[in-house]
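Visitor: My structure is stored as target_19.txt, with compact mmCIF, C-alpha atoms.
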# COMPACT_ATOMS: atom_id res chain seq x y z
CA MET A 1 26.84 1.41 22.51
CA ILE A 2 27.56 3.37 19.34
CA PHE A 3 25.44 1.04 17.18
CA SER A 4 22.61 1.14 19.71
CA THR A 5 22.63 4.95 19.69
CA LEU A 6 22.77 5.03 15.87
CA GLU A 7 19.86 2.61 15.67
CA HIS A 8 17.85 4.80 18.04
CA ILE A 9 18.60 7.91 15.97
CA LEU A 10 17.74 6.28 12.64
CA THR A 11 14.50 4.90 14.08
CA HIS A 12 13.28 8.33 15.17
CA ILE A 13 14.48 10.07 11.99
CA SER A 14 12.67 7.61 9.72
CA PHE A 15 9.51 7.80 11.82
CA SER A 16 9.63 11.62 11.80
CA ILE A 17 10.12 11.76 8.03
CA VAL A 18 7.24 9.41 7.26
CA SER A 19 5.06 11.43 9.65
CA ILE A 20 5.88 14.53 7.62
CA VAL A 21 5.04 12.61 4.43
CA ILE A 22 1.59 11.79 5.80
CA THR A 23 1.10 15.46 6.68
CA ILE A 24 2.11 16.43 3.14
CA HIS A 25 -0.49 14.06 1.73
CA LEU A 26 -3.12 15.81 3.81
CA ILE A 27 -1.89 19.20 2.56
CA THR A 28 -2.20 17.89 -1.00
CA LEU A 29 -5.96 17.86 -0.56
CA PHE A 30 -5.94 21.65 -0.11
CA GLY A 31 -2.70 22.94 -1.64
CA ASN A 32 -0.36 22.63 -4.61
CA GLU A 33 -0.49 19.01 -5.70
CA ILE A 34 2.72 19.01 -7.77
CA ILE A 35 4.95 20.55 -5.10
CA THR A 36 3.57 18.46 -2.27
CA TYR A 37 3.72 15.27 -4.36
CA ASP A 38 7.43 15.73 -5.15
CA SER A 39 8.15 16.52 -1.51
CA SER A 40 6.35 13.40 -0.28
CA GLU A 41 8.20 11.23 -2.80
CA LYS A 42 11.57 12.55 -1.65
CA GLY A 43 10.47 11.99 1.93
CA MET A 44 9.65 8.34 1.25
CA ILE A 45 13.04 7.84 -0.41
CA ALA A 46 14.71 9.36 2.67
CA THR A 47 12.62 7.04 4.86
CA PHE A 48 13.73 4.05 2.81
CA LEU A 49 17.39 5.02 3.20
CA CYS A 50 17.00 5.52 6.96
CA LEU A 51 15.28 2.15 7.37
CA THR A 52 18.00 0.50 5.27
CA GLY A 53 20.64 2.04 7.52
CA LEU A 54 18.65 0.92 10.56
CA LEU A 55 18.51 -2.70 9.37
CA ILE A 56 22.23 -2.74 8.52
CA THR A 57 23.08 -1.24 11.91
CA ARG A 58 20.89 -3.79 13.64
CA TRP A 59 22.55 -6.57 11.61
CA ILE A 60 26.05 -5.49 12.63
CA TYR A 61 25.03 -4.84 16.22
CA SER A 62 23.22 -8.16 16.76
CA GLY A 63 25.48 -10.32 14.61
CA HIS A 64 22.61 -11.85 12.64
CA PHE A 65 20.13 -10.79 9.98
CA PRO A 66 17.44 -8.69 11.75
CA LEU A 67 14.45 -11.00 11.31
CA SER A 68 14.50 -13.00 14.53
CA ASP A 69 11.53 -11.50 16.38
CA LEU A 70 8.39 -9.40 15.93
CA TYR A 71 10.13 -6.06 16.42
CA GLU A 72 12.72 -6.74 13.72
CA SER A 73 10.09 -8.15 11.36
CA LEU A 74 7.96 -5.01 11.80
CA ILE A 75 10.95 -2.81 10.91
CA PHE A 76 11.60 -5.01 7.88
CA LEU A 77 7.91 -4.78 6.98
CA SER A 78 8.14 -0.98 7.10
CA TRP A 79 11.22 -1.15 4.89
CA SER A 80 9.30 -3.40 2.47
CA PHE A 81 6.42 -0.91 2.25
CA SER A 82 8.85 1.91 1.43
CA LEU A 83 10.58 -0.31 -1.15
CA ILE A 84 7.28 -1.09 -2.86
CA HIS A 85 6.62 2.65 -2.90
CA ILE A 86 9.83 3.83 -4.55
CA VAL A 87 10.16 1.09 -7.21
CA PRO A 88 7.10 2.23 -9.24
CA TYR A 89 8.10 5.86 -8.52
CA PHE A 90 11.30 5.60 -10.57
CA LYS A 91 9.41 3.88 -13.41
CA ILE A 92 6.28 5.99 -13.87
CA ARG A 93 6.80 8.92 -11.48
CA LYS A 94 3.26 8.69 -10.12
CA ASN A 95 1.26 5.75 -8.83
CA TYR A 96 -1.72 4.94 -6.62
CA LEU A 97 0.37 3.25 -3.92
CA THR A 98 1.60 6.53 -2.42
CA THR A 99 -0.94 7.01 0.33
CA ILE A 100 -1.22 3.32 1.14
CA THR A 101 2.52 2.65 1.42
CA ALA A 102 3.19 5.79 3.44
CA SER A 103 0.32 5.08 5.84
CA SER A 104 1.35 1.44 6.19
CA THR A 105 4.95 2.43 6.90
CA ILE A 106 4.04 4.84 9.68
CA PHE A 107 1.57 2.35 11.18
CA THR A 108 3.99 -0.60 11.34
CA GLN A 109 6.99 1.44 12.41
CA GLY A 110 4.94 3.35 14.97
CA PHE A 111 3.81 0.11 16.56
CA ALA A 112 7.33 -1.37 16.46
CA THR A 113 8.89 1.64 18.20
CA SER A 114 6.09 2.10 20.73
CA GLY A 115 6.42 1.14 24.36
CA LEU A 116 4.34 -2.00 23.75
CA LEU A 117 7.33 -3.94 22.46
CA ASN A 118 10.06 -2.71 24.79
CA GLU A 119 10.99 -6.20 25.92
CA ILE A 120 11.95 -7.44 22.46
CA GLN A 121 13.58 -4.31 21.02
CA LYS A 122 17.01 -5.30 22.36
CA PRO A 123 18.93 -7.78 20.18
CA THR A 124 19.17 -11.30 21.58
CA ILE A 125 21.03 -14.48 20.68
CA LEU A 126 19.27 -16.52 18.01
CA VAL A 127 17.45 -19.63 19.14
CA PRO A 128 18.94 -22.83 17.62
CA ALA A 129 16.07 -23.20 15.13
CA LEU A 130 16.93 -19.81 13.59
CA GLN A 131 20.68 -20.39 13.31
CA SER A 132 20.50 -21.28 9.65
CA GLU A 133 21.30 -19.74 6.28
CA TRP A 134 17.61 -20.22 5.43
CA LEU A 135 16.66 -17.38 7.80
CA ILE A 136 17.30 -14.65 5.25
CA MET A 137 15.67 -16.53 2.37
CA HIS A 138 12.51 -17.72 4.11
CA VAL A 139 11.61 -14.86 6.44
CA SER A 140 12.53 -12.05 4.03
CA MET A 141 10.36 -13.60 1.31
CA MET A 142 7.45 -13.97 3.73
CA ILE A 143 7.67 -10.37 4.98
CA LEU A 144 8.01 -9.02 1.43
CA SER A 145 4.95 -11.05 0.45
CA TYR A 146 2.98 -9.67 3.40
CA ALA A 147 3.89 -6.11 2.39
CA ALA A 148 2.93 -6.60 -1.26
CA LEU A 149 -0.28 -8.49 -0.48
CA LEU A 150 -1.34 -5.91 2.12
CA CYS A 151 -0.78 -3.04 -0.32
CA GLY A 152 -2.63 -4.82 -3.11
CA SER A 153 -5.48 -5.73 -0.78
CA LEU A 154 -5.84 -2.13 0.40
CA LEU A 155 -6.07 -1.04 -3.22
CA SER A 156 -8.91 -3.54 -3.61
CA VAL A 157 -10.59 -2.13 -0.50
CA ALA A 158 -10.38 1.35 -2.03
CA LEU A 159 -11.85 -0.06 -5.25
CA LEU A 160 -14.81 -1.51 -3.34
CA VAL A 161 -15.46 1.75 -1.49
CA ILE A 162 -15.46 3.79 -4.71
CA THR A 163 -17.56 1.20 -6.56
CA PHE A 164 -20.30 1.04 -3.94
CA ARG A 165 -20.35 4.82 -3.57
CA LYS A 166 -20.65 5.08 -7.34
CA ILE A 167 -23.61 2.68 -7.37
CA PHE A 168 -25.30 4.55 -4.51
CA TYR A 169 -24.91 8.00 -6.03
CA SER A 170 -25.79 6.74 -9.52
CA SER A 171 -29.16 5.42 -8.37
CA LYS A 172 -29.78 8.58 -6.35
CA SER A 173 -28.86 10.90 -9.25
CA ASN A 174 -30.94 8.94 -11.76
CA ASN A 175 -33.98 9.14 -9.53
CA LEU A 176 -33.49 12.88 -9.14
CA LEU A 177 -33.12 13.44 -12.88
CA LYS A 178 -36.25 11.39 -13.63
CA LEU A 179 -38.15 13.38 -11.05
CA ASN A 180 -37.05 16.69 -12.55
CA GLU A 181 -37.83 15.59 -16.09
CA SER A 182 -41.36 14.53 -15.13
CA PHE A 183 -42.39 18.08 -14.15
CA SER A 184 -44.07 19.78 -17.11
CA PHE A 185 -47.27 21.75 -17.34
CA GLY A 186 -48.92 21.17 -20.67
CA GLU A 187 -47.07 22.85 -23.50
CA ILE A 188 -45.10 25.18 -21.21
CA GLN A 189 -41.49 24.08 -20.94
CA TYR A 190 -39.15 25.56 -18.42
CA LYS A 191 -35.95 26.08 -20.37
CA ASN A 192 -33.92 26.99 -17.33
CA GLU A 193 -34.87 23.80 -15.56
CA ARG A 194 -34.08 21.75 -18.66
CA ASN A 195 -30.71 23.44 -19.00
CA ASN A 196 -30.00 22.67 -15.38
CA ILE A 197 -30.96 19.05 -15.98
CA PHE A 198 -28.64 18.77 -18.98
CA TYR A 199 -25.85 20.45 -17.01
CA ALA A 200 -26.38 18.06 -14.12
CA LYS A 201 -26.30 15.13 -16.52
CA ASN A 202 -22.99 16.28 -18.01
CA ILE A 203 -21.44 16.71 -14.57
CA PHE A 204 -22.79 13.35 -13.52
CA TYR A 205 -21.41 11.55 -16.59
CA ALA A 206 -18.04 13.31 -16.26
CA LYS A 207 -17.71 12.27 -12.64
CA ASN A 208 -18.70 8.73 -13.55
CA TYR A 209 -16.04 8.68 -16.27
CA TYR A 210 -13.25 9.72 -13.91
CA LYS A 211 -14.45 7.28 -11.25
CA ALA A 212 -14.48 4.50 -13.83
CA GLN A 213 -10.92 5.41 -14.82
CA LEU A 214 -9.84 5.42 -11.17
CA ILE A 215 -11.50 2.05 -10.53
CA GLN A 216 -9.75 0.62 -13.57
CA GLN A 217 -6.36 1.88 -12.36
CA LEU A 218 -6.94 0.59 -8.83
CA ASP A 219 -7.91 -2.81 -10.21
CA PHE A 220 -4.83 -2.84 -12.46
CA TRP A 221 -2.37 -1.96 -9.71
CA SER A 222 -4.03 -4.23 -7.18
CA TYR A 223 -3.66 -7.19 -9.52
CA ARG A 224 -0.02 -6.44 -10.27
CA VAL A 225 1.03 -5.93 -6.65
CA ILE A 226 -0.89 -8.99 -5.39
CA SER A 227 0.64 -11.11 -8.17
CA LEU A 228 4.11 -10.04 -7.02
CA GLY A 229 3.23 -10.76 -3.40
CA PHE A 230 1.85 -14.18 -4.33
CA ILE A 231 5.17 -15.11 -5.96
CA PHE A 232 7.06 -14.03 -2.82
CA LEU A 233 4.62 -15.97 -0.64
CA THR A 234 5.06 -19.13 -2.71
CA ILE A 235 8.86 -18.88 -2.52
CA GLY A 236 8.64 -18.19 1.22
CA ILE A 237 6.45 -21.23 1.91
CA LEU A 238 8.60 -23.56 -0.19
CA SER A 239 11.87 -22.36 1.37
CA GLY A 240 10.25 -22.64 4.80
CA ALA A 241 9.31 -26.25 4.08
CA VAL A 242 12.90 -27.09 3.14
CA TRP A 243 14.17 -25.31 6.25
CA ALA A 244 11.63 -27.12 8.44
CA ASN A 245 12.81 -30.48 7.11
CA GLU A 246 16.39 -29.61 8.04
CA ALA A 247 15.50 -28.23 11.49
CA TRP A 248 12.61 -30.47 12.61
CA GLY A 249 12.77 -33.44 10.24
CA SER A 250 9.44 -32.72 8.53
CA TYR A 251 8.48 -30.54 5.57
CA TRP A 252 5.06 -29.70 7.02
CA SER A 253 3.76 -29.97 10.60
CA TRP A 254 0.43 -28.09 10.41
CA ASP A 255 1.79 -25.56 12.89
CA PRO A 256 -0.61 -22.59 13.41
CA LYS A 257 1.75 -20.30 11.46
CA GLU A 258 2.09 -22.83 8.64
CA THR A 259 -1.64 -23.43 8.54
CA TRP A 260 -2.55 -19.76 8.28
CA ALA A 261 0.20 -19.19 5.70
CA PHE A 262 -1.38 -21.98 3.64
CA ILE A 263 -4.83 -20.41 4.07
CA THR A 264 -3.39 -17.07 2.92
CA TRP A 265 -1.91 -18.77 -0.15
CA ILE A 266 -5.26 -20.42 -0.96
CA VAL A 267 -7.21 -17.14 -0.64
CA PHE A 268 -4.91 -15.24 -3.00
CA ALA A 269 -4.76 -18.21 -5.37
CA ILE A 270 -8.55 -17.90 -5.57
CA TYR A 271 -8.14 -14.14 -6.21
CA LEU A 272 -5.75 -14.77 -9.10
CA HIS A 273 -8.11 -17.43 -10.46
CA THR A 274 -11.03 -14.99 -10.44
CA ARG A 275 -8.89 -12.61 -12.47
CA THR A 276 -8.87 -15.12 -15.34
CA ASN A 277 -12.65 -14.72 -15.67
CA LYS A 278 -13.65 -11.32 -17.05
CA ASN A 279 -17.06 -11.57 -15.39
CA LEU A 280 -15.43 -11.86 -11.96
CA GLN A 281 -12.89 -9.06 -12.34
CA GLY A 282 -13.28 -5.76 -10.53
CA ALA A 283 -15.49 -5.75 -7.45
CA ASN A 284 -15.87 -9.54 -7.25
CA SER A 285 -12.13 -10.23 -7.14
CA ALA A 286 -11.66 -7.22 -4.84
CA ILE A 287 -13.93 -8.86 -2.27
CA VAL A 288 -11.62 -11.88 -2.21
CA ALA A 289 -8.58 -9.61 -1.81
CA THR A 290 -10.31 -7.80 1.06
CA LEU A 291 -10.82 -11.15 2.80
CA GLY A 292 -7.15 -11.85 2.17
CA PHE A 293 -6.23 -8.61 3.93
CA LEU A 294 -7.79 -9.91 7.16
CA ILE A 295 -6.22 -13.36 6.73
CA ILE A 296 -2.73 -11.86 6.37
CA TRP A 297 -3.00 -10.02 9.69
CA ILE A 298 -4.17 -13.20 11.40
CA CYS A 299 -1.24 -15.10 9.91
CA TYR A 300 1.39 -12.46 10.64
CA PHE A 301 0.19 -10.86 13.86
CA GLY A 302 -2.68 -12.87 15.32
CA VAL A 303 -0.81 -16.17 15.54
CA ASN A 304 1.98 -14.44 17.49
CA LEU A 305 -0.53 -13.53 20.19
CA LEU A 306 -1.10 -17.24 20.87
CA GLY A 307 2.55 -18.00 21.52
CA ILE A 308 2.13 -21.68 20.68
CA GLY A 309 3.52 -24.01 18.05
CA LEU A 310 6.91 -24.35 16.40
CA HIS A 311 6.99 -20.61 15.62
CA SER A 312 6.50 -19.56 19.26
CA TYR A 313 9.82 -17.66 19.23
CA GLY A 314 7.99 -14.95 17.33
CA SER A 315 5.44 -14.44 20.11
CA PHE A 316 5.39 -11.41 22.37
CA THR A 317 3.77 -9.99 25.45
CA LEU A 318 2.23 -6.52 25.41
CA THR A 319 3.67 -4.30 28.10
CA SER A 320 2.73 -0.83 29.17
CA SER A 321 5.31 1.91 29.40
Render the structure in this file as structure tokens.
Guide:
Amino acid sequence: MIFSTLEHILTHISFSIVSIVITIHLITLFGNEIITYDSSEKGMIATFLCLTGLLITRWIYSGHFPLSDLYESLIFLSWSFSLIHIVPYFKIRKNYLTTITASSTIFTQGFATSGLLNEIQKPTILVPALQSEWLIMHVSMMILSYAALLCGSLLSVALLVITFRKIFYSSKSNNLLKLNESFSFGEIQYKNERNNIFYAKNIFYAKNYYKAQLIQQLDFWSYRVISLGFIFLTIGILSGAVWANEAWGSYWSWDPKETWAFITWIVFAIYLHTRTNKNLQGANSAIVATLGFLIIWICYFGVNLLGIGLHSYGSFTLTSS
């Protein structure tokens, strides 16, 4: 009873803190960036500590590592997002993962603690297939890989949005400048208009410079985070194959979960391959990562909706409160 109450308290505290962090990010758009940034970083660290306490409490309360169902995996996914957030924070103090990790944490934890998953929020006895020391190794690696790949993919989505907006506004601004420069009446030159044109050009080039810098940083961080996630995914698939051989007598059964995990691995292997070609870096590789973002959700969440296959213990039924 005590552990259940503590788990309930930690769940609501962590969700409240990350909600405040999101609010602070919105305030940053209109207020003091330095103060709000430091506050949001401390909030994410507090969220990480609360989620860590929640997982430990759940572990003690249930008697097994909390990765046996969708609810526990969502909490662990939230914890993974917050972990990915604070690791670069202690190294470089500021990074481009802040908004993505905070938003992802509140989304996954909000869904996990909603009334939709009431039936699986209570700890249950592990099914025989999960009563193995491979549970921690395999499932934790897979969830960590999902978190890293999702964050890296969202950075690529942001890169695509900024890139296409840059192309759109560049063509529009160039057409406007050409139109303005074409207006002259004989030898009479309108100095004010020319000054305005030069001023507009300077503003335009300055904005393009900062956007180019931002795109470069997004591409850099996306590549690094996805590379980390790909390593976790590879370890998770290999450990899962060993575990499957022990539990079911076969390394690979083409189960829906296994199949989509393999598809996810292939997509991000293609992404990493495109990064070796300088002509395919940037927007081209970001398109592949964006596709990978959709594939991950199908693998992690969509397959659970089917409730079939050897991983059917991770399925759930949506219920209304």
Visitor: Might you pull out every residue within 12 Å of Ala158 of chain A, with all atoms listed in the file counted and same-chain residues fewer than 2 positions away left off, and present them as a PyMOL selection string?
Guide: chain A and resi 96-97+99-100+151-156+160-165+211+214-219+221-222+282-283+286-287+289-290
Visitor: Would you kindly return, as number ranges by chain, each protein, DNA or RNA residue with an atom no farther than 12 Å from any atom of segment 3-14 of chain A, considering only C-alpha atoms and excluding same-chain residues fewer than 5 positions away?
Guide: A: 19-21, 43-63, 72, 75, 78-79, 82, 102, 105-106, 109-114, 121-123
Visitor: Go ahead and save the residues from that selection, with C-alpha atoms, as a JSON list (two decimals), in the frame of the given file.
Guide:
[["chain", "number", "residue", "atom", "x", "y", "z"],
["A", 19, "SER", "CA", 5.06, 11.43, 9.65],
["A", 20, "ILE", "CA", 5.88, 14.53, 7.62],
["A", 21, "VAL", "CA", 5.04, 12.61, 4.43],
["A", 43, "GLY", "CA", 10.47, 11.99, 1.93],
["A", 44, "MET", "CA", 9.65, 8.34, 1.25],
["A", 45, "ILE", "CA", 13.04, 7.84, -0.41],
["A", 46, "ALA", "CA", 14.71, 9.36, 2.67],
["A", 47, "THR", "CA", 12.62, 7.04, 4.86],
["A", 48, "PHE", "CA", 13.73, 4.05, 2.81],
["A", 49, "LEU", "CA", 17.39, 5.02, 3.20],
["A", 50, "CYS", "CA", 17.00, 5.52, 6.96],
["A", 51, "LEU", "CA", 15.28, 2.15, 7.37],
["A", 52, "THR", "CA", 18.00, 0.50, 5.27],
["A", 53, "GLY", "CA", 20.64, 2.04, 7.52],
["A", 54, "LEU", "CA", 18.65, 0.92, 10.56],
["A", 55, "LEU", "CA", 18.51, -2.70, 9.37],
["A", 56, "ILE", "CA", 22.23, -2.74, 8.52],
["A", 57, "THR", "CA", 23.08, -1.24, 11.91],
["A", 58, "ARG", "CA", 20.89, -3.79, 13.64],
["A", 59, "TRP", "CA", 22.55, -6.57, 11.61],
["A", 60, "ILE", "CA", 26.05, -5.49, 12.63],
["A", 61, "TYR", "CA", 25.03, -4.84, 16.22],
["A", 62, "SER", "CA", 23.22, -8.16, 16.76],
["A", 63, "GLY", "CA", 25.48, -10.32, 14.61],
["A", 72, "GLU", "CA", 12.72, -6.74, 13.72],
["A", 75, "ILE", "CA", 10.95, -2.81, 10.91],
["A", 78, "SER", "CA", 8.14, -0.98, 7.10],
["A", 79, "TRP", "CA", 11.22, -1.15, 4.89],
["A", 82, "SER", "CA", 8.85, 1.91, 1.43],
["A", 102, "ALA", "CA", 3.19, 5.79, 3.44],
["A", 105, "THR", "CA", 4.95, 2.43, 6.90],
["A", 106, "ILE", "CA", 4.04, 4.84, 9.68],
["A", 109, "GLN", "CA", 6.99, 1.44, 12.41],
["A", 110, "GLY", "CA", 4.94, 3.35, 14.97],
["A", 111, "PHE", "CA", 3.81, 0.11, 16.56],
["A", 112, "ALA", "CA", 7.33, -1.37, 16.46],
["A", 113, "THR", "CA", 8.89, 1.64, 18.20],
["A", 114, "SER", "CA", 6.09, 2.10, 20.73],
["A", 121, "GLN", "CA", 13.58, -4.31, 21.02],
["A", 122, "LYS", "CA", 17.01, -5.30, 22.36],
["A", 123, "PRO", "CA", 18.93, -7.78, 20.18]]
Visitor: When distances are computed from all atoms listed in the file, which of A:Thr108, A:Tyr71, A:Val18, A:Arg275 shows the smallest separation from Arg224 of chain A?
Guide: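 Closest to Arg224 of chain A of all the choices is A:Arg275.
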Visitor: Report the distance between atom CA of Ile231 of chain A and atom CA of Ala261 of chain A in Å, rounded to one decimal place.
Guide: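 Taking atom CA of Ile231 of chain A as the start and atom CA of Ala261 of chain A as the end point, the length is 13.3 Å.
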Visitor: Quick one, how far is atom CA of Thr101 of chain A from atom CA of Leu149 of chain A?
Guide: 11.6 Å
